[in-house]
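The structure under discussion appears below in the form of structure tokens.
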Amino acid sequence: MGSLVLPYANTDCMNIFLQEVADRFPEDYIVMVMDPAAWHTSKTLKVPENIEIFPLLPYSPEHNPTEHIWNEVKRITGWDWIMSML
């Protein structure tokens with residue numbers, strides 16, 4: 001796969017990312033699982049022909065692997081305890 005460090009989390013940057021992935025893997029058919037962030041569902045999102053977007057259901061963090069990572073980070077760092085002190 002690939003990754004890019006882009007200045008914003010918006011549709012323009014998502015379009016750049018999708019095109020970069022499509023260009024890196026022109027012979028592959030790619031299925032990307034995405035949460036319902038606004039820039040993932042925008043009407044102006046340009047999905048290349050060799051990429052398909054598989055959307056996660058709204059309000060289903062249990063299906064989003066990133067949420068599991070954040071839960072672990074919060075557990076290890078005591079994030080909830082830190083936030084309760086603010």
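Following the order of the structure tokens, chains are lettered A, B, ..., residues in each are numbered from 1, and ligands are numbered from 1.
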
In chain A, DSSP strand (DSSP E or B) residues written as a PyMOL selection string: chain A and resi 30-34+51-55

Nearby residues (only C-alpha atoms) at most 12 Å from Val21 in chain A, same-chain spacing under 4 positions excluded, as a list in words: Met1, Gly2, Ser3, Leu4, Met14, Asn15, Ile16, Phe17, Phe25, Pro26, Glu27, Asp28, Tyr29, Ile30, Val31, Met32, Val47, Pro48, Glu49, Asn50, Ile51 and Glu52 of chain A

Give me a file of those residues, with N, CA, C and O atoms, as a short mmCIF file (atom, residue, chain, number, x, y, z; two decimals), in the first residue's frame.
data_model
loop_
_atom_site.label_atom_id
_atom_site.label_comp_id
_atom_site.auth_asym_id
_atom_site.auth_seq_id
_atom_site.Cartn_x
_atom_site.Cartn_y
_atom_site.Cartn_z
N MET A 1 0.85 -1.17 0.00
CA MET A 1 0.00 0.00 0.00
C MET A 1 0.89 1.22 0.00
O MET A 1 2.06 1.14 -0.30
N GLY A 2 0.37 2.31 0.39
CA GLY A 2 1.15 3.52 0.42
C GLY A 2 0.60 4.48 1.45
O GLY A 2 -0.46 4.27 2.02
N SER A 3 1.37 5.50 1.69
CA SER A 3 0.90 6.54 2.59
C SER A 3 1.51 7.86 2.14
O SER A 3 2.56 7.89 1.48
N LEU A 4 0.84 8.91 2.45
CA LEU A 4 1.31 10.26 2.15
C LEU A 4 1.09 11.11 3.39
O LEU A 4 0.13 10.91 4.12
N MET A 14 -7.60 13.81 -0.13
CA MET A 14 -8.02 12.42 -0.34
C MET A 14 -7.93 12.05 -1.81
O MET A 14 -7.51 10.93 -2.15
N ASN A 15 -8.31 12.96 -2.68
CA ASN A 15 -8.19 12.72 -4.12
C ASN A 15 -6.73 12.50 -4.53
O ASN A 15 -6.43 11.63 -5.35
N ILE A 16 -5.83 13.29 -3.96
CA ILE A 16 -4.40 13.11 -4.24
C ILE A 16 -3.95 11.73 -3.79
O ILE A 16 -3.25 11.01 -4.52
N PHE A 17 -4.36 11.34 -2.58
CA PHE A 17 -3.98 10.03 -2.05
C PHE A 17 -4.51 8.90 -2.93
O PHE A 17 -3.76 7.98 -3.28
N PHE A 25 -0.17 1.18 -8.11
CA PHE A 25 -0.64 -0.19 -8.31
C PHE A 25 -1.61 -0.26 -9.49
O PHE A 25 -2.77 -0.65 -9.34
N PRO A 26 -1.14 0.09 -10.70
CA PRO A 26 -2.06 0.17 -11.84
C PRO A 26 -2.66 -1.16 -12.28
O PRO A 26 -3.74 -1.19 -12.88
N GLU A 27 -2.00 -2.26 -11.96
CA GLU A 27 -2.49 -3.58 -12.38
C GLU A 27 -3.38 -4.25 -11.34
O GLU A 27 -3.91 -5.33 -11.58
N ASP A 28 -3.52 -3.62 -10.18
CA ASP A 28 -4.28 -4.22 -9.08
C ASP A 28 -5.66 -3.59 -8.95
O ASP A 28 -5.87 -2.44 -9.30
N TYR A 29 -6.59 -4.40 -8.43
CA TYR A 29 -7.91 -3.91 -8.06
C TYR A 29 -7.90 -3.76 -6.54
O TYR A 29 -7.66 -4.73 -5.82
N ILE A 30 -8.12 -2.56 -6.04
CA ILE A 30 -7.95 -2.25 -4.62
C ILE A 30 -9.31 -1.95 -3.99
O ILE A 30 -10.07 -1.13 -4.51
N VAL A 31 -9.58 -2.61 -2.88
CA VAL A 31 -10.78 -2.31 -2.10
C VAL A 31 -10.30 -1.62 -0.82
O VAL A 31 -9.53 -2.18 -0.06
N MET A 32 -10.74 -0.38 -0.62
CA MET A 32 -10.38 0.39 0.57
C MET A 32 -11.58 0.48 1.49
O MET A 32 -12.67 0.85 1.06
N VAL A 47 -12.74 8.70 -7.37
CA VAL A 47 -12.23 7.35 -7.12
C VAL A 47 -11.74 6.77 -8.44
O VAL A 47 -12.52 6.59 -9.37
N PRO A 48 -10.44 6.47 -8.53
CA PRO A 48 -9.90 5.88 -9.76
C PRO A 48 -10.57 4.54 -10.08
O PRO A 48 -11.12 3.86 -9.21
N GLU A 49 -10.46 4.13 -11.34
CA GLU A 49 -11.15 2.92 -11.80
C GLU A 49 -10.69 1.65 -11.11
O GLU A 49 -11.45 0.70 -10.99
N ASN A 50 -9.44 1.61 -10.66
CA ASN A 50 -8.94 0.38 -10.05
C ASN A 50 -9.10 0.37 -8.53
O ASN A 50 -8.55 -0.47 -7.84
N ILE A 51 -9.87 1.32 -8.00
CA ILE A 51 -10.13 1.39 -6.55
C ILE A 51 -11.63 1.36 -6.31
O ILE A 51 -12.40 2.02 -7.00
N GLU A 52 -12.03 0.59 -5.30
CA GLU A 52 -13.42 0.58 -4.85
C GLU A 52 -13.43 0.94 -3.37
O GLU A 52 -12.61 0.46 -2.60
#

Leu45 in chain A surroundings by only C-alpha atoms, 10 Å radius, close-in-sequence under 5 positions cut, as a list in words: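 Listing them by chain and then by number gives Asn10, Thr11, Asp12, Cys13, Met14, Asn15, Ile16, Leu18, Ala38, Trp39 and His40 of chain A.
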
Selected residues written out with C-alpha atoms, as a compact mmCIF listing (two decimals), in the first residue's frame:
# COMPACT_ATOMS: atom_id res chain seq x y z
CA ASN A 10 -10.13 17.02 3.20
CA THR A 11 -11.46 15.87 -0.16
CA ASP A 12 -8.69 17.50 -2.19
CA CYS A 13 -6.01 15.65 -0.21
CA MET A 14 -8.02 12.42 -0.34
CA ASN A 15 -8.19 12.72 -4.12
CA ILE A 16 -4.40 13.11 -4.24
CA LEU A 18 -6.37 7.88 -4.11
CA ALA A 38 -16.80 13.82 5.22
CA TRP A 39 -13.79 13.66 2.90
CA HIS A 40 -14.39 9.92 2.33

Minimum-distance residue to Val33 in chain A, chosen among A:Glu72, A:Glu20, A:Tyr59, A:Ile53 (using only C-alpha atoms): A:Ile53
